[in-house]
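So this one's my_file.txt, compact mmCIF, C-alpha atoms:
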```txt
# COMPACT_ATOMS: atom_id res chain seq x y z
CA MET X 4 9.19 -24.12 -29.98
CA ARG X 5 11.77 -21.63 -28.89
CA CYS X 6 13.80 -22.24 -25.73
CA ASP X 7 12.12 -19.30 -23.96
CA ASP X 8 8.68 -20.77 -24.60
CA VAL X 9 9.79 -24.13 -23.29
CA LEU X 10 11.45 -22.74 -20.16
CA VAL X 11 8.44 -20.73 -18.96
CA ASN X 12 6.30 -23.84 -19.30
CA LEU X 13 8.78 -26.20 -17.62
CA PRO X 14 7.38 -25.93 -14.06
CA ASP X 15 3.93 -26.93 -15.27
CA PHE X 16 5.38 -29.61 -17.54
CA ILE X 17 7.25 -31.17 -14.62
CA LEU X 18 4.14 -30.99 -12.43
CA LYS X 19 2.15 -32.55 -15.30
CA LYS X 20 -0.13 -29.56 -15.64
CA THR X 21 0.44 -28.79 -19.30
CA GLU X 22 -2.05 -29.61 -22.05
CA PRO X 23 -1.22 -32.80 -24.05
CA ASN X 24 -0.31 -30.89 -27.22
CA LEU X 25 1.99 -28.56 -25.34
CA SER X 26 3.55 -31.49 -23.47
CA ARG X 27 4.34 -33.20 -26.78
CA ASP X 28 5.97 -30.05 -28.16
CA ILE X 29 8.04 -29.63 -25.01
CA GLU X 30 9.13 -33.27 -25.06
CA TYR X 31 10.19 -32.92 -28.69
CA HIS X 32 12.15 -29.76 -27.90
CA LEU X 33 13.82 -31.33 -24.85
CA ALA X 34 14.93 -34.29 -26.90
CA ASN X 35 16.85 -31.91 -29.15
CA CYS X 36 18.00 -29.19 -26.75
CA ARG X 37 20.64 -29.92 -24.16
CA SER X 38 20.44 -26.62 -22.23
CA CYS X 39 16.67 -26.90 -21.77
CA ARG X 40 17.14 -30.52 -20.70
CA GLU X 41 19.56 -29.36 -18.03
CA GLU X 42 17.10 -26.75 -16.80
CA LYS X 43 14.41 -29.40 -16.65
CA GLU X 44 16.66 -31.67 -14.57
CA LYS X 45 17.38 -28.87 -12.09
CA LEU X 46 13.70 -28.09 -11.61
CA SER X 47 12.78 -31.75 -11.41
CA ASN X 48 15.18 -32.17 -8.49
CA ILE X 49 13.47 -29.55 -6.34
CA THR X 50 9.83 -30.45 -6.91
CA PRO X 51 9.86 -33.47 -4.53
CA ILE X 52 11.34 -31.21 -1.86
CA LEU X 53 8.64 -28.63 -2.43
CA PHE X 54 5.91 -31.25 -2.24
CA GLU X 55 7.43 -32.53 1.00
CA THR X 56 6.73 -29.13 2.53
CA LEU X 57 3.20 -28.68 1.20
CA SER X 58 1.29 -29.86 4.24
CA GLU X 59 0.79 -27.32 6.99
CA ASN X 60 -0.82 -28.61 10.14
CA TYR X 61 -2.33 -26.21 12.60
CA PRO X 62 -4.62 -27.40 15.39
CA ALA X 63 -8.34 -26.70 15.08
CA SER X 64 -8.06 -24.32 18.04
CA PHE X 65 -5.71 -22.13 15.97
CA TRP X 66 -8.38 -21.57 13.34
CA SER X 67 -11.16 -20.97 15.85
CA GLU X 68 -8.99 -18.41 17.65
CA LEU X 69 -8.16 -16.72 14.35
CA HIS X 70 -11.85 -16.65 13.49
CA VAL X 71 -12.74 -15.05 16.84
CA SER X 72 -9.95 -12.48 16.54
CA ILE X 73 -11.00 -11.55 12.98
CA MET X 74 -14.65 -11.15 13.94
CA SER X 75 -13.74 -9.07 16.97
CA LYS X 76 -11.45 -6.82 14.89
CA VAL X 77 -14.11 -6.43 12.23
CA SER X 78 -16.70 -5.37 14.79
CA GLU X 79 -14.41 -2.76 16.35
CA PRO X 80 -15.43 0.76 15.38
CA ARG X 81 -12.95 2.08 12.87
CA ARG X 82 -11.58 5.48 13.76
CA ARG X 83 -12.28 7.60 10.73
CA PHE X 84 -12.63 11.28 9.97
CA LEU X 85 -13.99 12.51 6.65
CA GLY X 86 -13.82 8.91 5.46
CA LEU X 87 -10.10 8.69 6.18
CA LYS X 88 -8.47 6.32 8.62
CA VAL X 89 -6.31 7.88 11.31
CA PRO X 90 -2.92 7.13 9.66
CA GLN X 91 -4.21 8.46 6.33
CA LEU X 92 -5.54 11.54 8.07
CA VAL X 93 -2.23 12.19 9.82
CA THR X 94 -0.38 11.79 6.51
CA ALA X 95 -2.83 14.16 4.81
CA MET X 96 -2.39 16.73 7.58
CA ILE X 97 1.39 16.53 7.37
CA LEU X 98 1.29 16.90 3.57
CA LEU X 99 -1.11 19.82 3.89
CA ALA X 100 1.10 21.53 6.47
CA VAL X 101 4.18 21.04 4.29
CA GLY X 102 2.27 22.30 1.26
CA ILE X 103 1.06 25.37 3.10
CA GLY X 104 4.58 26.00 4.36
CA ILE X 105 6.05 25.78 0.88
CA GLY X 106 3.22 27.86 -0.57
CA THR X 107 3.59 30.58 2.03
CA TYR X 108 7.35 30.66 1.58
CA GLU X 109 7.02 31.01 -2.21
CA LEU X 110 4.35 33.65 -1.89
CA THR X 111 6.51 35.64 0.48
CA LEU X 112 9.40 35.41 -1.94
CA ARG X 113 7.17 36.55 -4.81
CA SER X 114 5.85 39.49 -2.86
CA ARG X 115 9.38 40.56 -2.18
CA THR X 116 10.90 39.99 -5.59
CA GLN X 117 8.16 40.55 -8.14
CA GLU X 118 6.75 43.75 -9.29
CA ALA X 119 3.29 44.22 -7.85
CA PRO X 120 0.81 42.84 -10.36
CA SER X 121 -1.92 45.12 -11.34
CA ILE X 122 -5.28 44.64 -9.65
CA THR X 123 -6.92 45.76 -12.88
CA MET X 124 -6.45 42.20 -14.08
CA LEU X 125 -9.33 41.38 -11.79
CA THR X 126 -11.38 44.51 -11.57
CA THR X 127 -11.16 45.54 -15.16
CA SER X 128 -13.99 48.02 -15.04
CA LEU X 129 -12.55 50.04 -12.18
CA PRO X 130 -10.68 53.14 -13.21
CA PRO X 131 -6.96 52.82 -12.42
CA GLU X 132 -7.02 55.58 -9.85
CA GLU X 133 -9.77 53.80 -7.89
CA VAL X 134 -7.75 50.64 -7.83
CA ILE X 135 -4.67 52.34 -6.58
CA SER X 136 -6.51 54.23 -3.90
CA LEU X 137 -8.38 51.29 -2.37
CA PRO X 138 -8.21 52.43 1.22
CA THR X 139 -8.33 49.20 3.16
CA PHE X 140 -6.07 47.13 0.95
CA ASN X 141 -2.91 45.89 2.41
CA THR X 142 -0.55 46.21 -0.54
CA ASN X 143 1.30 43.00 0.25
CA PHE X 144 -1.98 41.18 0.38
CA VAL X 145 -2.91 42.31 -3.08
CA GLN X 146 0.51 41.40 -4.37
CA MET X 147 0.14 37.98 -2.95
CA ALA X 148 -3.42 37.49 -4.08
CA ALA X 149 -3.16 38.56 -7.66
CA PRO X 150 -0.60 36.06 -8.92
CA ALA X 151 -2.81 33.20 -7.87
CA TYR X 152 -5.30 34.13 -10.55
CA VAL X 153 -2.55 34.30 -13.10
CA VAL X 154 -1.76 30.64 -12.44
CA ASP X 155 -5.40 29.73 -11.98
CA GLU X 156 -5.71 28.21 -15.43
CA GLU X 157 -2.89 25.78 -15.01
CA VAL X 158 -2.64 23.47 -12.04
CA ASN X 159 0.36 21.23 -12.29
CA SER X 160 0.77 19.90 -8.82
CA VAL X 161 -0.71 19.54 -5.36
CA ASP X 162 1.44 22.48 -4.35
CA ASP X 163 -0.26 24.64 -6.98
CA THR X 164 -3.67 23.62 -5.67
CA ILE X 165 -2.77 24.35 -2.08
CA GLN X 166 -1.17 27.63 -3.05
CA GLN X 167 -4.24 28.69 -4.97
CA ALA X 168 -6.57 27.70 -2.16
CA LEU X 169 -4.45 29.69 0.26
CA VAL X 170 -4.38 32.77 -1.89
CA LYS X 171 -8.07 32.53 -2.70
CA SER X 172 -8.93 32.42 0.98
CA MET X 173 -6.75 35.47 1.56
CA TRP X 174 -8.40 37.19 -1.35
CA ALA X 175 -11.83 36.37 0.06
CA SER X 176 -10.79 38.14 3.25
CA VAL X 177 -9.70 41.16 1.24
CA VAL X 178 -13.03 41.27 -0.54
CA ASP X 179 -14.87 40.95 2.76
CA THR X 180 -13.06 43.92 4.21
CA LEU X 181 -14.12 46.17 1.36
CA SER X 182 -17.49 47.68 1.08
CA THR X 183 -18.94 46.33 -2.15
CA SER X 184 -21.27 49.29 -2.30
CA ASP X 185 -18.24 51.52 -2.61
CA TYR X 186 -16.64 49.18 -5.11
CA PRO X 187 -19.49 47.36 -6.90
CA ASP X 188 -17.13 45.89 -9.45
CA LEU X 189 -15.62 43.75 -6.75
CA VAL X 190 -18.61 41.47 -7.18
CA ASP X 191 -16.87 40.34 -10.35
CA VAL X 192 -13.85 39.57 -8.30
CA GLU X 193 -15.88 37.41 -5.99
CA LEU X 194 -17.15 35.46 -8.98
CA LEU X 195 -13.57 34.69 -9.85
CA ASN X 196 -13.23 32.93 -6.53
CA MET C 2 -33.11 -7.97 4.47
CA PRO C 3 -31.01 -10.65 6.20
CA LEU C 4 -32.53 -14.09 6.02
CA GLU C 5 -32.70 -15.21 9.65
CA ASN C 6 -33.38 -18.89 9.11
CA VAL C 7 -31.17 -19.56 6.13
CA ASN C 8 -28.47 -22.16 6.63
CA LEU C 9 -25.51 -20.16 5.42
CA VAL C 10 -23.33 -23.21 4.90
CA ASN C 11 -25.50 -24.18 1.93
CA LEU C 12 -25.23 -20.83 0.19
CA THR C 13 -22.85 -20.15 -2.67
CA ASP C 14 -20.16 -17.50 -2.29
CA LYS C 15 -22.24 -15.16 -4.42
CA GLU C 16 -25.27 -15.63 -2.20
CA ILE C 17 -23.13 -15.10 0.89
CA VAL C 18 -21.93 -11.80 -0.54
CA GLU C 19 -25.52 -10.78 -1.23
CA GLN C 20 -26.39 -11.58 2.39
CA ILE C 21 -23.43 -9.48 3.56
CA LYS C 22 -24.63 -6.61 1.41
CA ASN C 23 -28.01 -6.99 3.09
CA GLY C 24 -26.31 -6.43 6.42
CA ASP C 25 -26.17 -10.03 7.63
CA ASP C 26 -23.16 -10.27 9.97
CA ARG C 27 -23.57 -14.04 10.22
CA ALA C 28 -22.91 -14.21 6.50
CA PHE C 29 -19.61 -12.41 6.98
CA GLY C 30 -18.73 -14.96 9.66
CA GLU C 31 -19.42 -17.70 7.12
CA LEU C 32 -17.15 -15.99 4.59
CA VAL C 33 -14.40 -15.90 7.23
CA ASN C 34 -14.97 -19.61 7.86
CA ARG C 35 -14.56 -20.38 4.19
CA TYR C 36 -11.51 -18.28 3.48
CA GLU C 37 -9.53 -17.74 6.67
CA LYS C 38 -7.22 -20.70 6.01
CA LYS C 39 -6.57 -19.66 2.41
CA VAL C 40 -5.92 -16.08 3.45
CA PHE C 41 -3.70 -17.11 6.36
CA PHE C 42 -1.59 -19.45 4.22
CA ILE C 43 -1.14 -16.91 1.45
CA ALA C 44 0.07 -14.42 4.06
CA LYS C 45 2.15 -17.05 5.85
CA ARG C 46 3.88 -18.19 2.67
CA MET C 47 4.58 -14.69 1.53
CA LEU C 48 5.70 -13.37 4.91
CA ASN C 49 7.21 -16.53 6.42
CA ASP C 50 6.00 -15.45 9.84
CA ASP C 51 2.98 -16.76 11.76
CA ASP C 52 2.40 -13.59 13.78
CA GLU C 53 2.53 -11.32 10.76
CA ALA C 54 0.31 -13.74 8.83
CA TRP C 55 -2.19 -13.59 11.70
CA ASP C 56 -2.20 -9.78 11.65
CA ALA C 57 -2.37 -9.72 7.85
CA SER C 58 -5.36 -12.09 7.90
CA GLN C 59 -7.18 -9.76 10.26
CA GLU C 60 -6.41 -6.81 8.01
CA VAL C 61 -7.59 -8.67 4.91
CA PHE C 62 -10.98 -9.39 6.47
CA ILE C 63 -11.30 -5.86 7.84
CA LYS C 64 -10.72 -4.56 4.31
CA LEU C 65 -13.24 -7.04 2.94
CA HIS C 66 -15.78 -6.09 5.58
CA ASP C 67 -15.38 -2.42 4.69
CA SER C 68 -15.50 -2.95 0.94
CA LEU C 69 -17.79 -5.90 0.22
CA ARG C 70 -20.92 -3.78 0.25
CA ARG C 71 -19.48 -2.03 -2.79
CA PHE C 72 -18.41 -5.30 -4.43
CA ARG C 73 -20.10 -5.36 -7.84
CA GLY C 74 -19.97 -9.11 -8.23
CA ASP C 75 -18.65 -9.07 -11.80
CA ALA C 76 -15.65 -11.08 -10.59
CA ASN C 77 -15.54 -14.16 -8.40
CA ILE C 78 -15.36 -13.30 -4.74
CA TYR C 79 -12.33 -15.54 -4.25
CA THR C 80 -10.47 -13.60 -6.95
CA TYR C 81 -11.23 -10.46 -5.00
CA ILE C 82 -10.22 -12.04 -1.67
CA TYR C 83 -6.94 -13.35 -3.11
CA ARG C 84 -6.20 -9.93 -4.57
CA VAL C 85 -6.77 -8.23 -1.22
CA ALA C 86 -4.73 -10.93 0.55
CA THR C 87 -1.72 -10.63 -1.76
CA ASN C 88 -1.86 -6.83 -1.63
CA VAL C 89 -2.00 -6.83 2.17
CA ALA C 90 0.92 -9.28 2.31
CA ILE C 91 2.92 -7.04 -0.02
CA SER C 92 2.13 -4.01 2.12
CA PHE C 93 3.31 -5.93 5.20
CA LEU C 94 6.55 -6.70 3.37
CA ARG C 95 7.01 -3.02 2.59
CA LYS C 96 6.32 -2.07 6.20
CA ARG C 97 9.02 -4.31 7.55
CA LYS C 98 11.68 -1.99 8.83
CA VAL C 99 14.10 -4.76 9.56
CA ARG C 100 13.58 -7.83 7.45
CA SER C 101 13.44 -10.87 9.69
CA VAL C 102 14.97 -13.16 7.13
CA VAL C 103 15.77 -16.55 8.54
CA ARG C 104 19.46 -16.72 7.89
CA LEU C 105 20.74 -19.78 6.17
CA ASP C 106 23.36 -20.36 8.85
CA ASP C 107 20.66 -20.32 11.53
CA VAL C 108 18.59 -22.83 9.61
CA LEU C 109 21.52 -25.17 9.14
CA ASN C 110 22.56 -24.80 12.80
CA THR C 111 19.08 -25.65 14.03
CA MET C 112 18.98 -28.61 11.66
CA VAL C 113 21.94 -29.98 13.58
CA SER C 114 20.81 -28.97 17.06
CA HIS C 115 17.33 -30.57 17.16
CA GLY C 116 18.63 -33.96 18.17
CA ASP C 117 15.91 -34.77 20.66
CA GLU C 118 13.06 -34.78 18.10
CA PRO C 119 12.32 -37.84 16.00
CA GLU C 120 14.78 -37.57 13.15
CA ARG C 121 12.37 -37.62 10.23
CA ASP C 122 9.96 -35.06 11.71
CA SER C 123 12.84 -32.82 12.60
CA ASP C 124 14.33 -33.05 9.11
CA LYS C 125 10.97 -32.35 7.56
CA ALA C 126 10.39 -29.35 9.81
CA GLU C 127 13.76 -27.91 8.93
CA LEU C 128 13.21 -28.62 5.25
CA LYS C 129 10.01 -26.61 5.52
CA ARG C 130 11.88 -23.75 7.12
CA LEU C 131 14.48 -23.92 4.40
CA VAL C 132 11.88 -23.84 1.64
CA ALA C 133 10.06 -21.02 3.42
CA SER C 134 13.32 -19.07 3.53
CA ALA C 135 13.88 -19.78 -0.15
CA VAL C 136 10.39 -18.47 -0.96
CA GLU C 137 10.99 -15.47 1.26
CA SER C 138 14.18 -14.66 -0.65
CA LEU C 139 12.18 -14.20 -3.89
CA PRO C 140 11.30 -10.76 -5.20
CA ALA C 141 7.73 -9.82 -4.23
CA GLN C 142 6.17 -10.38 -7.66
CA GLN C 143 7.72 -13.81 -8.11
CA ARG C 144 6.72 -14.71 -4.58
CA GLN C 145 3.08 -13.75 -5.24
CA VAL C 146 2.96 -15.86 -8.38
CA PHE C 147 4.73 -18.82 -6.79
CA VAL C 148 2.40 -18.86 -3.78
CA LEU C 149 -0.74 -18.59 -5.89
CA ARG C 150 0.38 -21.11 -8.51
CA PHE C 151 2.23 -23.76 -6.51
CA TYR C 152 0.51 -23.65 -3.13
CA GLU C 153 -2.95 -22.40 -4.07
CA GLU C 154 -2.92 -24.21 -7.42
CA LEU C 155 -4.69 -21.39 -9.21
CA SER C 156 -4.66 -21.29 -13.00
CA TYR C 157 -2.66 -18.61 -14.77
CA GLU C 158 -5.93 -17.06 -15.93
CA GLU C 159 -7.10 -16.74 -12.32
CA ILE C 160 -3.77 -15.34 -11.19
CA SER C 161 -3.87 -12.91 -14.10
CA ARG C 162 -7.23 -11.60 -12.89
CA ILE C 163 -5.97 -11.34 -9.32
CA LEU C 164 -2.65 -9.66 -10.04
CA ASN C 165 -3.62 -7.93 -13.26
CA ARG C 166 -0.59 -9.24 -15.12
CA SER C 167 -0.23 -10.94 -18.49
CA LEU C 168 -0.06 -14.73 -18.74
CA GLY C 169 3.40 -14.55 -20.29
CA ALA C 170 4.72 -12.45 -17.44
CA LEU C 171 3.21 -14.83 -14.88
CA LYS C 172 4.75 -17.90 -16.51
CA ALA C 173 8.13 -16.19 -16.61
CA ASN C 174 7.74 -15.17 -12.93
CA TYR C 175 6.87 -18.74 -11.99
CA PHE C 176 9.79 -20.25 -13.88
CA HIS C 177 12.30 -17.81 -12.36
CA ALA C 178 10.83 -18.35 -8.90
CA MET C 179 11.23 -22.13 -9.21
CA LYS C 180 14.74 -21.72 -10.53
CA LYS C 181 15.79 -19.40 -7.70
CA ILE C 182 14.28 -21.66 -5.07
CA GLY C 183 16.24 -24.55 -6.58
CA GLU C 184 19.49 -22.58 -6.47
CA TYR C 185 18.79 -21.48 -2.89
CA LEU C 186 18.16 -25.06 -1.75
CA LYS C 187 21.18 -26.36 -3.62
CA ASP C 188 23.44 -23.82 -1.92
CA ALA C 189 21.89 -24.53 1.48
CA MET C 190 22.30 -28.28 1.21
CA ARG C 191 25.81 -28.19 -0.19
```
Will you turn the file into structure tokens for me?
Amino acid sequence: MRCDDVLVNLPDFILKKTEPNLSRDIEYHLANCRSCREEKEKLSNITPILFETLSENYPASFWSELHVSIMSKVSEPRRRFLGLKVPQLVTAMILLAVGIGIGTYELTLRSRTQEAPSITMLTTSLPPEEVISLPTFNTNFVQMAAPAYVVDEEVNSVDDTIQQALVKSMWASVVDTLSTSDYPDLVDVELLN
Amino acid sequence: MPLENVNLVNLTDKEIVEQIKNGDDRAFGELVNRYEKKVFFIAKRMLNDDDEAWDASQEVFIKLHDSLRRFRGDANIYTYIYRVATNVAISFLRKRKVRSVVRLDDVLNTMVSHGDEPERDSDKAELKRLVASAVESLPAQQRQVFVLRFYEELSYEEISRILNRSLGALKANYFHAMKKIGEYLKDAMR
């Protein structure tokens, strides 16, 4: 047996919980290995102290009170919303708020710094002039909405998901404001949502 | 359907769980009867604090109450209870903003100052506090293994199922825990 194998089994060996074969191997090793013998002596010295402290005496009333308190806690209605406990819900709300904040900030930056992506990515069958002349579109809105579909295929983080959800909801508003009879191809856009 | 006239004390753990799944609240009370001491002592030995162990015990049984209806029964219920208990104790440890470690100096001072108690009882009580402090000084994983192996006398196979760790890792954890406790006690008694 190697020293490592002996050492990890020493606590059980000292407490006489090892199998007979293993005990024999350990005894043989200890007889020939001074450092393991020293480790065994150290552990042997503390086991009586540990056993001294094994007993824990609590009065019967302690256990009956604990029982009553557990049963009363268990029967209390748990405050949950959407299957989440209140602390989890608060954490989720905070994370969502932070995510939305970051998403909005990034989107604003993009709308300022990036060239406006072409809406024809979405409404491919519309002639370019129709796209450009969409009367009720807020240009910034379109700029913000379009990139979300570019990243739609690859979601790498919670932030991406939140950002996409945000942009999709904005895009849904854009679609709602347009008359689909005027722009029938926007139905395709809705399908993308 | 709950069995109104069944004497729950005679049921096995598995049957108790079935009764709980059937909506029998008395059966849950019986489960608490059977395991509250085990759960409390696991929490107590890991947290070294009666009040926290009390709160942790409540939380363990709340979690069990909420989850037992989904318990599939492919593991022993005690394995599941021990797992929940050790996890709750660990989460209590993490939540501690200021660790209330019993300082060695305090322990040694109180060992001297309890002169009015019978000497042997007093020594034993302080020895317990010292050992509890030694256990508390262990890293969480070693503490879990030490409590389950030494105090609860579970086999490594059972602990492996509870903590989802290999037997080799558990044996190493146990050895290092024992060794550190020994060094802690040696320093304290020097």
Using all atoms listed in the file, I'd like a table of the residues in chain C that come within 9 Å of chain X; for each, show the closest atom pair and its distance in Å rounded to one decimal, ordered by chain and ascending number, as CSV.
```
residue,atom,partner,partner_atom,distance
C:Phe29,CA,X:Met74,CA,8.6
C:Gly30,CA,X:Met74,CA,7.0
C:Val33,CA,X:His70,CA,6.8
C:Asn34,CA,X:His70,CA,7.1
C:Glu37,CA,X:His70,CA,7.3
C:Lys38,CA,X:Trp66,CA,7.5
C:Phe42,CA,X:Glu59,CA,8.7
C:Trp55,CA,X:Leu69,CA,7.2
C:Ser58,CA,X:Ile73,CA,7.6
C:Gln59,CA,X:Ile73,CA,5.0
C:Glu60,CA,X:Ile73,CA,8.3
C:Phe62,CA,X:Ile73,CA,6.9
C:Ile63,CA,X:Val77,CA,5.2
C:Lys64,CA,X:Val77,CA,8.8
C:His66,CA,X:Val77,CA,6.9
C:Asp67,CA,X:Val77,CA,8.6
C:Lys125,CA,X:Thr56,CA,7.3
C:Ala126,CA,X:Thr56,CA,8.2
C:Leu128,CA,X:Thr56,CA,7.0
C:Lys129,CA,X:Thr56,CA,5.1
C:Arg130,CA,X:Thr56,CA,8.7
C:Val132,CA,X:Leu53,CA,7.1
C:Ala133,CA,X:Thr56,CA,8.8
C:Tyr152,CA,X:Leu57,CA,7.2
C:Gly169,CA,X:Val11,CA,8.1
C:Leu171,CA,X:Val11,CA,8.9
C:Lys172,CA,X:Val11,CA,5.3
C:Ala173,CA,X:Val11,CA,5.1
C:Asn174,CA,X:Val11,CA,8.2
C:Tyr175,CA,X:Val11,CA,7.4
C:Phe176,CA,X:Val11,CA,5.3
C:His177,CA,X:Val11,CA,8.2
C:Met179,CA,X:Leu46,CA,6.9
C:Lys180,CA,X:Leu46,CA,6.5
C:Ile182,CA,X:Ile49,CA,8.0
C:Gly183,CA,X:Ile49,CA,5.7
C:Glu184,CA,X:Lys45,CA,8.7
C:Leu186,CA,X:Ile49,CA,8.0
C:Lys187,CA,X:Ile49,CA,8.8
```
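For the pair atom CA of C:Ala189 and atom CA of X:Cys6, the separation is 28.5 Å.
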I'd like the interatomic distance between atom CA of C:Thr87 and atom CA of C:Asn49, to a tenth of an Å.
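Separation between atom CA of C:Thr87 and atom CA of C:Asn49: 13.5 Å.
The interatomic distance for the pair atom CA of C:Ser92 and atom CA of X:Thr94 works out to 16.6 Å.
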Leaving out stretch 12-28 of chain C and any residue of its chain fewer than 2 positions from it, which residues lie within 10 Å of it when counting only C-alpha atoms, given as a PyMOL selection string?
(chain X and resi 74+78) or (chain C and resi 2-5+7-10+30-35+66+68-74+76-79)
At most 10 Å from (-3.9, -19.3, -16.2), file frame, all atoms listed in the file: which residues, as an MDAnalysis selection string?
chainID C and resid 150 155:162 167:169 171:172
I need the residues from that last selection saved to file as an mmCIF file, in the frame of the given file (with C-alpha atoms), if you can.
```
data_model
loop_
_atom_site.group_PDB
_atom_site.id
_atom_site.type_symbol
_atom_site.label_atom_id
_atom_site.label_comp_id
_atom_site.auth_asym_id
_atom_site.auth_seq_id
_atom_site.Cartn_x
_atom_site.Cartn_y
_atom_site.Cartn_z
ATOM 1 C CA ARG C 150 0.380 -21.110 -8.510
ATOM 2 C CA LEU C 155 -4.690 -21.390 -9.210
ATOM 3 C CA SER C 156 -4.660 -21.290 -13.000
ATOM 4 C CA TYR C 157 -2.660 -18.610 -14.770
ATOM 5 C CA GLU C 158 -5.930 -17.060 -15.930
ATOM 6 C CA GLU C 159 -7.100 -16.740 -12.320
ATOM 7 C CA ILE C 160 -3.770 -15.340 -11.190
ATOM 8 C CA SER C 161 -3.870 -12.910 -14.100
ATOM 9 C CA ARG C 162 -7.230 -11.600 -12.890
ATOM 10 C CA SER C 167 -0.230 -10.940 -18.490
ATOM 11 C CA LEU C 168 -0.060 -14.730 -18.740
ATOM 12 C CA GLY C 169 3.400 -14.550 -20.290
ATOM 13 C CA LEU C 171 3.210 -14.830 -14.880
ATOM 14 C CA LYS C 172 4.750 -17.900 -16.510
#
```
